[in-house]
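Peer 1: My structure is stored as model-v5.cif, with mmCIF, C-alpha atoms and all ligand atoms.
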```
data_my_file
#
loop_
_atom_site.label_atom_id
_atom_site.label_comp_id
_atom_site.auth_asym_id
_atom_site.auth_seq_id
_atom_site.Cartn_x
_atom_site.Cartn_y
_atom_site.Cartn_z
CA MET X 27 -8.52 -40.57 -17.06
CA SER X 28 -9.42 -37.29 -18.73
CA ASN X 29 -13.09 -37.91 -17.91
CA LEU X 30 -12.51 -37.98 -14.20
CA PRO X 31 -12.69 -34.24 -13.50
CA LYS X 32 -15.98 -34.02 -15.42
CA LEU X 33 -17.55 -36.87 -13.43
CA MET X 34 -16.45 -35.28 -10.21
CA ALA X 35 -17.85 -31.91 -11.20
CA GLY X 36 -21.42 -33.21 -11.45
CA PRO X 37 -21.93 -34.52 -7.92
CA ALA X 38 -19.91 -31.69 -6.42
CA ARG X 39 -22.24 -29.13 -7.99
CA CYS X 40 -25.30 -31.05 -6.78
CA TRP X 41 -24.03 -30.95 -3.24
CA ALA X 42 -23.47 -27.22 -3.40
CA LEU X 43 -26.96 -26.68 -4.80
CA ALA X 44 -28.53 -28.94 -2.17
CA ALA X 45 -26.81 -26.95 0.54
CA CYS X 46 -28.31 -23.77 -0.88
CA LEU X 47 -31.78 -25.24 -1.13
CA LEU X 48 -31.61 -26.44 2.45
CA ALA X 49 -30.33 -23.11 3.71
CA ALA X 50 -33.02 -20.96 2.09
CA PRO X 51 -36.13 -22.31 3.86
CA ALA X 52 -34.32 -22.31 7.20
CA TRP X 53 -33.64 -18.61 6.77
CA GLY X 54 -37.30 -17.80 6.05
CA GLN X 55 -38.90 -20.23 8.45
CA GLY X 56 -39.12 -18.49 11.79
CA VAL X 57 -39.58 -14.92 10.68
CA ALA X 58 -41.02 -12.80 7.91
CA ALA X 59 -38.61 -12.44 4.99
CA VAL X 60 -39.20 -8.92 3.73
CA ASN X 61 -36.90 -7.29 1.22
CA VAL X 62 -36.41 -3.54 1.62
CA SER X 63 -34.92 -1.41 -1.15
CA GLY X 64 -34.40 2.25 -2.03
CA ALA X 65 -35.05 3.64 1.44
CA TRP X 66 -34.83 7.42 1.76
CA VAL X 67 -36.01 10.20 4.01
CA ARG X 68 -36.91 13.72 3.04
CA GLY X 69 -34.50 16.24 4.53
CA THR X 70 -35.81 18.98 6.79
CA VAL X 71 -35.26 22.69 7.20
CA ALA X 72 -34.78 24.51 10.52
CA GLY X 73 -37.89 24.36 12.67
CA GLN X 74 -39.47 21.51 10.75
CA THR X 75 -40.54 18.71 13.08
CA ALA X 76 -42.01 16.18 10.66
CA SER X 77 -40.83 14.37 7.57
CA GLY X 78 -41.54 11.27 5.53
CA ALA X 79 -39.63 8.05 4.89
CA PHE X 80 -40.06 6.12 1.65
CA MET X 81 -38.95 2.73 0.34
CA GLU X 82 -40.06 -0.38 -1.52
CA LEU X 83 -41.05 -3.49 0.38
CA LYS X 84 -41.39 -6.99 -1.02
CA SER X 85 -42.27 -10.01 1.05
CA ALA X 86 -41.79 -13.61 -0.07
CA GLU X 87 -45.04 -14.55 1.66
CA ASP X 88 -48.10 -12.71 2.92
CA ALA X 89 -46.91 -10.42 5.69
CA VAL X 90 -47.76 -7.15 7.40
CA LEU X 91 -45.74 -4.12 8.37
CA LEU X 92 -46.85 -3.54 11.95
CA GLY X 93 -44.91 -0.42 12.77
CA VAL X 94 -41.70 1.54 12.50
CA SER X 95 -39.46 3.26 14.98
CA SER X 96 -36.45 5.53 14.65
CA PRO X 97 -34.07 7.19 17.10
CA VAL X 98 -34.50 10.52 15.27
CA ALA X 99 -38.27 10.74 15.80
CA GLY X 100 -40.43 10.73 18.92
CA VAL X 101 -43.42 9.36 17.03
CA VAL X 102 -43.48 7.25 13.86
CA GLU X 103 -46.70 6.32 12.07
CA LEU X 104 -47.73 4.53 8.90
CA HIS X 105 -49.68 6.90 6.67
CA GLU X 106 -51.58 6.82 3.45
CA MET X 107 -52.06 9.88 1.30
CA SER X 108 -54.57 10.08 -1.50
CA MET X 109 -56.34 12.60 -3.67
CA ASP X 110 -59.99 13.16 -2.80
CA ASN X 111 -61.75 15.62 -5.13
CA GLY X 112 -58.50 17.41 -5.78
CA VAL X 113 -57.59 17.62 -2.10
CA MET X 114 -54.68 15.70 -0.62
CA LYS X 115 -55.87 13.70 2.34
CA MET X 116 -53.80 11.70 4.75
CA ARG X 117 -54.73 9.06 7.26
CA ALA X 118 -52.86 6.88 9.71
CA LEU X 119 -52.86 3.15 9.06
CA PRO X 120 -52.76 0.58 11.88
CA LYS X 121 -50.65 -1.66 9.62
CA LEU X 122 -49.67 -2.13 6.00
CA GLU X 123 -50.38 -5.37 4.17
CA LEU X 124 -47.49 -6.89 2.20
CA PRO X 125 -49.00 -9.44 -0.21
CA ALA X 126 -46.69 -12.28 -1.23
CA GLY X 127 -44.34 -11.40 -4.07
CA LYS X 128 -45.81 -7.94 -4.63
CA VAL X 129 -43.76 -4.75 -4.44
CA VAL X 130 -45.42 -2.29 -2.07
CA ALA X 131 -44.11 1.19 -2.78
CA LEU X 132 -43.96 3.83 -0.09
CA ARG X 133 -43.57 7.11 -1.95
CA PRO X 134 -44.61 10.77 -1.81
CA GLY X 135 -48.35 11.12 -2.38
CA SER X 136 -49.06 7.53 -1.37
CA TYR X 137 -48.07 5.27 1.49
CA HIS X 138 -45.33 6.69 3.65
CA ILE X 139 -43.69 6.40 7.02
CA MET X 140 -44.39 9.60 8.93
CA LEU X 141 -41.60 10.76 11.19
CA MET X 142 -42.89 13.19 13.82
CA ASP X 143 -41.45 15.01 16.83
CA LEU X 144 -38.08 15.02 15.10
CA LYS X 145 -35.30 15.39 17.60
CA ARG X 146 -32.96 17.13 15.17
CA PRO X 147 -32.83 18.36 11.57
CA LEU X 148 -32.27 15.70 8.92
CA ARG X 149 -29.54 16.79 6.57
CA LYS X 150 -28.93 15.68 3.02
CA GLY X 151 -26.37 12.89 2.75
CA GLU X 152 -26.72 11.45 6.24
CA SER X 153 -28.48 8.19 6.87
CA VAL X 154 -31.35 7.64 9.25
CA PRO X 155 -31.82 4.30 11.03
CA LEU X 156 -35.31 2.85 10.85
CA THR X 157 -36.53 -0.31 12.56
CA LEU X 158 -39.39 -2.02 10.76
CA LYS X 159 -41.57 -4.47 12.67
CA VAL X 160 -42.98 -7.12 10.36
CA ALA X 161 -44.82 -10.41 10.72
CA SER X 162 -46.00 -13.23 8.52
CA LYS X 163 -49.12 -15.25 9.25
CA GLY X 164 -48.65 -17.51 12.24
CA LYS X 165 -45.15 -16.27 12.96
CA GLN X 166 -43.64 -14.14 15.66
CA PRO X 167 -43.09 -10.51 14.65
CA ASN X 168 -39.49 -9.67 13.88
CA THR X 169 -37.62 -6.49 13.12
CA ILE X 170 -35.66 -5.33 10.08
CA GLU X 171 -33.00 -2.65 10.41
CA VAL X 172 -32.95 -0.19 7.53
CA ARG X 173 -30.72 2.81 6.88
CA ALA X 174 -32.49 5.47 4.86
CA GLU X 175 -30.53 8.09 2.95
CA VAL X 176 -31.59 11.68 3.52
CA ARG X 177 -32.39 13.56 0.34
CA ALA X 178 -32.80 17.31 0.08
CA LEU X 179 -36.28 18.82 -0.13
CA THR X 180 -35.33 20.27 -3.48
CA ASP X 181 -34.65 16.77 -4.84
CA MET X 182 -38.40 16.28 -5.06
CA PRO X 183 -39.74 18.77 -7.60
CA GLY X 184 -43.39 18.82 -8.51
CA MET X 185 -44.78 18.56 -5.02
CA PRO X 186 -45.12 22.20 -3.97
CA GLY X 187 -46.68 22.89 -0.61
CA MET X 188 -47.05 19.25 0.32
CA ASP X 189 -44.90 19.44 3.37
CA GLY X 190 -46.75 22.50 4.59
CA GLU X 191 -50.10 20.73 4.30
CA HIS X 192 -48.62 17.65 5.81
CA MET X 193 -47.58 19.45 8.94
CA HIS X 194 -50.93 21.22 9.37
CA MET X 195 -52.68 17.90 9.53
CA HIS X 196 -50.76 16.74 12.55
CU CU R 201 -48.09 11.57 6.77
#
```
Would you mind writing the file out in structure tokens?
Peer 2:
Amino acid sequence: MSNLPKLMAGPARCWALAACLLAAPAWGQGVAAVNVSGAWVRGTVAGQTASGAFMELKSAEDAVLLGVSSPVAGVVELHEMSMDNGVMKMRALPKLELPAGKVVALRPGSYHIMLMDLKRPLRKGESVPLTLKVASKGKQPNTIEVRAEVRALTDMPGMPGMDGEHMHMH
């Protein structure tokens, strides 16, 4: 009699696990499953019309980030910044590859989402909606809604003049 609860516990747990295993592939089947974390946007000062958005992306399978849009910006581009003989250079990317299982970091001085033609100042503490368009091989593109926290310019020490250069290049 006292063994009964134990015997029941086994199969019951199996069923719960099976349900989970069945649910997971269904979720990732039709669309790209990309995990987004730590999204933030650099705050702007009066008159500034461009800023950058940063985050970490991790896809379960090979995927691409095809583009981004946001209601706060007229134009949004994927950019890559790199040092070339001591000079910061930036270029627009048609898309960003997201290799399976690898964290792709968008951060100052590297890959970033460039927000241009800003419709209003971005103030510290607010959150900016971003829509990421992603696709895995052989699948229809889908979108991911992200809310990026605005951080003050002064929260990013050690990058003097970067925003100034940034804006000159557009
Ligand atoms: Cu840029």
Peer 1: Distance cut-off 12 Å, centre (-29.0, 17.3, 6.0) in file coordinates, counting all atoms listed in the file: which residues qualify? Return them as a ChimeraX atom specification.
Peer 2: /X:67-72,146-154,175-180
Peer 1: Show which residues sit within 6 Å of segment 99-114 of chain X, as a PyMOL selection string. Count all atoms listed in the file, and ignore same-chain residues fewer than 5 positions away.
Peer 2: chain X and resi 119+135-145
Peer 1: Keeping C-alpha atoms for every residue in the selection just given, could you write it to a file as an mmCIF file, keeping the file's coordinate frame?
Peer 2:
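Just written: result_32.cif:
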```cif
data_model
loop_
_atom_site.group_PDB
_atom_site.id
_atom_site.type_symbol
_atom_site.label_atom_id
_atom_site.label_comp_id
_atom_site.auth_asym_id
_atom_site.auth_seq_id
_atom_site.Cartn_x
_atom_site.Cartn_y
_atom_site.Cartn_z
ATOM 1 C CA LEU X 119 -52.860 3.150 9.060
ATOM 2 C CA GLY X 135 -48.350 11.120 -2.380
ATOM 3 C CA SER X 136 -49.060 7.530 -1.370
ATOM 4 C CA TYR X 137 -48.070 5.270 1.490
ATOM 5 C CA HIS X 138 -45.330 6.690 3.650
ATOM 6 C CA ILE X 139 -43.690 6.400 7.020
ATOM 7 C CA MET X 140 -44.390 9.600 8.930
ATOM 8 C CA LEU X 141 -41.600 10.760 11.190
ATOM 9 C CA MET X 142 -42.890 13.190 13.820
ATOM 10 C CA ASP X 143 -41.450 15.010 16.830
ATOM 11 C CA LEU X 144 -38.080 15.020 15.100
ATOM 12 C CA LYS X 145 -35.300 15.390 17.600
#
```
Peer 1: For atom CA of Glu82 of chain X and atom CA of Pro167 of chain X, quote the distance in Å rounded to one decimal.
Peer 2: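 One can read the atom CA of Glu82 of chain X to atom CA of Pro167 of chain X distance as 19.3 Å.
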Peer 1: Kindly provide the residues of segment 86-192 of chain X that approach segment 62-65 of chain X to within 10 Å, each paired with its closest atom pair and their distance in Å to one decimal, based on only C-alpha atoms, listed by chain and increasing number, as CSV.
Peer 2:
```
residue,atom,partner,partner_atom,distance
X:Val129,CA,X:Val62,CA,9.6
X:Val130,CA,X:Val62,CA,9.8
X:Ala131,CA,X:Ser63,CA,9.7
X:Leu132,CA,X:Ala65,CA,9.0
X:Arg133,CA,X:Ala65,CA,9.8
X:Ser153,CA,X:Ala65,CA,9.7
X:Val154,CA,X:Ala65,CA,9.5
X:Leu156,CA,X:Ala65,CA,9.4
X:Leu158,CA,X:Val62,CA,9.7
X:Ile170,CA,X:Val62,CA,8.7
X:Glu171,CA,X:Val62,CA,9.5
X:Val172,CA,X:Ala65,CA,7.5
X:Arg173,CA,X:Ala65,CA,7.0
X:Ala174,CA,X:Ala65,CA,4.6
X:Glu175,CA,X:Ala65,CA,6.5
X:Val176,CA,X:Ala65,CA,9.0
```
Peer 1: Would you compute the distance between atom CA of Ala59 of chain X and atom CA of Asn168 of chain X? Give it in Å to one decimal.
Peer 2: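 Taking atom CA of Ala59 of chain X as the start and atom CA of Asn168 of chain X as the end point, the length is 9.4 Å.
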Peer 1: Determine the nearest neighbour of ligand CU 201 (chain R) from the options X:Lys128, X:Lys115, X:Lys163, X:Lys121, counting all atoms listed in the file.
Peer 2: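 Answer, going by the shortest atom-to-atom distance: X:Lys115.
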Peer 1: Would it be fine to have segment 102-118 of chain X, with all heavy atoms, given as an mmCIF file, in the first residue's frame?
Peer 2:
```cif
data_model
loop_
_atom_site.group_PDB
_atom_site.id
_atom_site.type_symbol
_atom_site.label_atom_id
_atom_site.label_comp_id
_atom_site.auth_asym_id
_atom_site.auth_seq_id
_atom_site.Cartn_x
_atom_site.Cartn_y
_atom_site.Cartn_z
ATOM 1 N N VAL X 102 16.647 52.402 -39.728
ATOM 2 C CA VAL X 102 17.411 51.518 -38.836
ATOM 3 C C VAL X 102 18.284 50.616 -39.697
ATOM 4 O O VAL X 102 17.798 50.008 -40.649
ATOM 5 C CB VAL X 102 16.487 50.656 -37.956
ATOM 6 C CG1 VAL X 102 17.306 49.826 -36.973
ATOM 7 C CG2 VAL X 102 15.492 51.523 -37.196
ATOM 8 N N GLU X 103 19.573 50.569 -39.377
ATOM 9 C CA GLU X 103 20.497 49.734 -40.153
ATOM 10 C C GLU X 103 21.319 48.849 -39.222
ATOM 11 O O GLU X 103 21.523 49.164 -38.052
ATOM 12 C CB GLU X 103 21.459 50.619 -40.965
ATOM 13 C CG GLU X 103 20.807 51.360 -42.098
ATOM 14 C CD GLU X 103 21.804 52.198 -42.905
ATOM 15 O OE1 GLU X 103 23.000 52.268 -42.521
ATOM 16 O OE2 GLU X 103 21.380 52.789 -43.898
ATOM 17 N N LEU X 104 21.816 47.756 -39.784
ATOM 18 C CA LEU X 104 22.776 46.904 -39.071
ATOM 19 C C LEU X 104 24.156 47.412 -39.430
ATOM 20 O O LEU X 104 24.467 47.584 -40.604
ATOM 21 C CB LEU X 104 22.630 45.446 -39.516
ATOM 22 C CG LEU X 104 21.277 44.793 -39.235
ATOM 23 C CD1 LEU X 104 21.206 43.431 -39.916
ATOM 24 C CD2 LEU X 104 21.071 44.639 -37.737
ATOM 25 N N HIS X 105 24.979 47.671 -38.426
ATOM 26 C CA HIS X 105 26.316 48.210 -38.668
ATOM 27 C C HIS X 105 27.393 47.369 -37.997
ATOM 28 O O HIS X 105 27.133 46.689 -37.009
ATOM 29 C CB HIS X 105 26.424 49.631 -38.110
ATOM 30 C CG HIS X 105 25.826 50.674 -39.004
ATOM 31 N ND1 HIS X 105 25.932 52.002 -38.744
ATOM 32 C CD2 HIS X 105 25.117 50.563 -40.157
ATOM 33 C CE1 HIS X 105 25.305 52.686 -39.708
ATOM 34 N NE2 HIS X 105 24.800 51.835 -40.564
ATOM 35 N N GLU X 106 28.576 47.494 -38.552
ATOM 36 C CA GLU X 106 29.736 46.882 -37.930
ATOM 37 C C GLU X 106 30.803 47.952 -37.794
ATOM 38 O O GLU X 106 31.072 48.690 -38.744
ATOM 39 C CB GLU X 106 30.270 45.734 -38.804
ATOM 40 C CG GLU X 106 31.489 45.077 -38.182
ATOM 41 C CD GLU X 106 32.032 43.948 -39.053
ATOM 42 O OE1 GLU X 106 31.795 43.953 -40.272
ATOM 43 O OE2 GLU X 106 32.702 43.072 -38.487
ATOM 44 N N MET X 107 31.380 48.041 -36.614
ATOM 45 C CA MET X 107 32.449 49.006 -36.400
ATOM 46 C C MET X 107 33.721 48.241 -36.083
ATOM 47 O O MET X 107 33.695 47.249 -35.361
ATOM 48 C CB MET X 107 32.082 49.927 -35.242
ATOM 49 C CG MET X 107 33.043 51.080 -35.058
ATOM 50 S SD MET X 107 32.439 52.208 -33.788
ATOM 51 C CE MET X 107 31.552 53.367 -34.793
ATOM 52 N N SER X 108 34.821 48.692 -36.662
ATOM 53 C CA SER X 108 36.084 48.017 -36.349
ATOM 54 C C SER X 108 37.226 49.006 -36.438
ATOM 55 O O SER X 108 37.128 50.046 -37.081
ATOM 56 C CB SER X 108 36.308 46.856 -37.321
ATOM 57 O OG SER X 108 36.261 47.323 -38.645
ATOM 58 N N MET X 109 38.321 48.658 -35.777
ATOM 59 C CA MET X 109 39.506 49.495 -35.818
ATOM 60 C C MET X 109 40.331 49.126 -37.049
ATOM 61 O O MET X 109 40.610 47.958 -37.299
ATOM 62 C CB MET X 109 40.357 49.259 -34.560
ATOM 63 C CG MET X 109 39.753 49.856 -33.297
ATOM 64 S SD MET X 109 39.690 51.655 -33.347
ATOM 65 C CE MET X 109 41.303 52.057 -32.686
ATOM 66 N N ASP X 110 40.716 50.150 -37.813
ATOM 67 C CA ASP X 110 41.549 49.936 -38.990
ATOM 68 C C ASP X 110 42.699 50.928 -38.896
ATOM 69 O O ASP X 110 42.518 52.123 -39.112
ATOM 70 C CB ASP X 110 40.704 50.155 -40.257
ATOM 71 C CG ASP X 110 41.486 49.830 -41.517
ATOM 72 O OD1 ASP X 110 42.581 49.225 -41.401
ATOM 73 O OD2 ASP X 110 41.014 50.172 -42.608
ATOM 74 N N ASN X 111 43.897 50.442 -38.560
ATOM 75 C CA ASN X 111 45.056 51.310 -38.359
ATOM 76 C C ASN X 111 44.775 52.448 -37.387
ATOM 77 O O ASN X 111 45.111 53.599 -37.642
ATOM 78 C CB ASN X 111 45.530 51.888 -39.708
ATOM 79 C CG ASN X 111 46.348 50.867 -40.488
ATOM 80 O OD1 ASN X 111 47.042 50.024 -39.894
ATOM 81 N ND2 ASN X 111 46.267 50.923 -41.802
ATOM 82 N N GLY X 112 44.112 52.105 -36.298
ATOM 83 C CA GLY X 112 43.862 53.102 -35.267
ATOM 84 C C GLY X 112 42.677 54.014 -35.554
ATOM 85 O O GLY X 112 42.384 54.918 -34.786
ATOM 86 N N VAL X 113 41.994 53.773 -36.672
ATOM 87 C CA VAL X 113 40.834 54.598 -37.018
ATOM 88 C C VAL X 113 39.575 53.747 -36.935
ATOM 89 O O VAL X 113 39.525 52.650 -37.487
ATOM 90 C CB VAL X 113 40.973 55.176 -38.455
ATOM 91 C CG1 VAL X 113 39.759 56.038 -38.801
ATOM 92 C CG2 VAL X 113 42.256 55.966 -38.583
ATOM 93 N N MET X 114 38.579 54.266 -36.235
ATOM 94 C CA MET X 114 37.297 53.579 -36.153
ATOM 95 C C MET X 114 36.577 53.678 -37.493
ATOM 96 O O MET X 114 36.342 54.769 -37.996
ATOM 97 C CB MET X 114 36.420 54.215 -35.069
ATOM 98 C CG MET X 114 36.683 53.672 -33.700
ATOM 99 S SD MET X 114 35.901 52.062 -33.474
ATOM 100 C CE MET X 114 35.937 51.946 -31.686
ATOM 101 N N LYS X 115 36.230 52.526 -38.041
ATOM 102 C CA LYS X 115 35.488 52.549 -39.294
ATOM 103 C C LYS X 115 34.177 51.809 -39.111
ATOM 104 O O LYS X 115 34.097 50.833 -38.381
ATOM 105 C CB LYS X 115 36.309 51.899 -40.417
ATOM 106 C CG LYS X 115 37.476 52.758 -40.830
ATOM 107 C CD LYS X 115 38.029 52.351 -42.177
ATOM 108 C CE LYS X 115 39.042 53.383 -42.657
ATOM 109 N NZ LYS X 115 39.795 52.911 -43.815
ATOM 110 N N MET X 116 33.165 52.276 -39.815
ATOM 111 C CA MET X 116 31.858 51.667 -39.678
ATOM 112 C C MET X 116 31.277 51.371 -41.049
ATOM 113 O O MET X 116 31.443 52.127 -41.984
ATOM 114 C CB MET X 116 30.940 52.630 -38.934
ATOM 115 C CG MET X 116 29.611 52.052 -38.603
ATOM 116 S SD MET X 116 28.767 53.038 -37.374
ATOM 117 C CE MET X 116 28.443 54.503 -38.302
ATOM 118 N N ARG X 117 30.635 50.226 -41.148
ATOM 119 C CA ARG X 117 29.983 49.916 -42.423
ATOM 120 C C ARG X 117 28.626 49.280 -42.161
ATOM 121 O O ARG X 117 28.406 48.649 -41.125
ATOM 122 C CB ARG X 117 30.858 48.998 -43.278
ATOM 123 C CG ARG X 117 31.029 47.612 -42.710
ATOM 124 C CD ARG X 117 32.062 46.818 -43.509
ATOM 125 N NE ARG X 117 32.191 45.469 -42.949
ATOM 126 C CZ ARG X 117 31.713 44.379 -43.551
ATOM 127 N NH1 ARG X 117 31.101 44.463 -44.700
ATOM 128 N NH2 ARG X 117 31.871 43.201 -42.983
ATOM 129 N N ALA X 118 27.734 49.468 -43.110
ATOM 130 C CA ALA X 118 26.406 48.862 -43.011
ATOM 131 C C ALA X 118 26.477 47.413 -43.472
ATOM 132 O O ALA X 118 27.209 47.079 -44.404
ATOM 133 C CB ALA X 118 25.426 49.642 -43.871
#
```
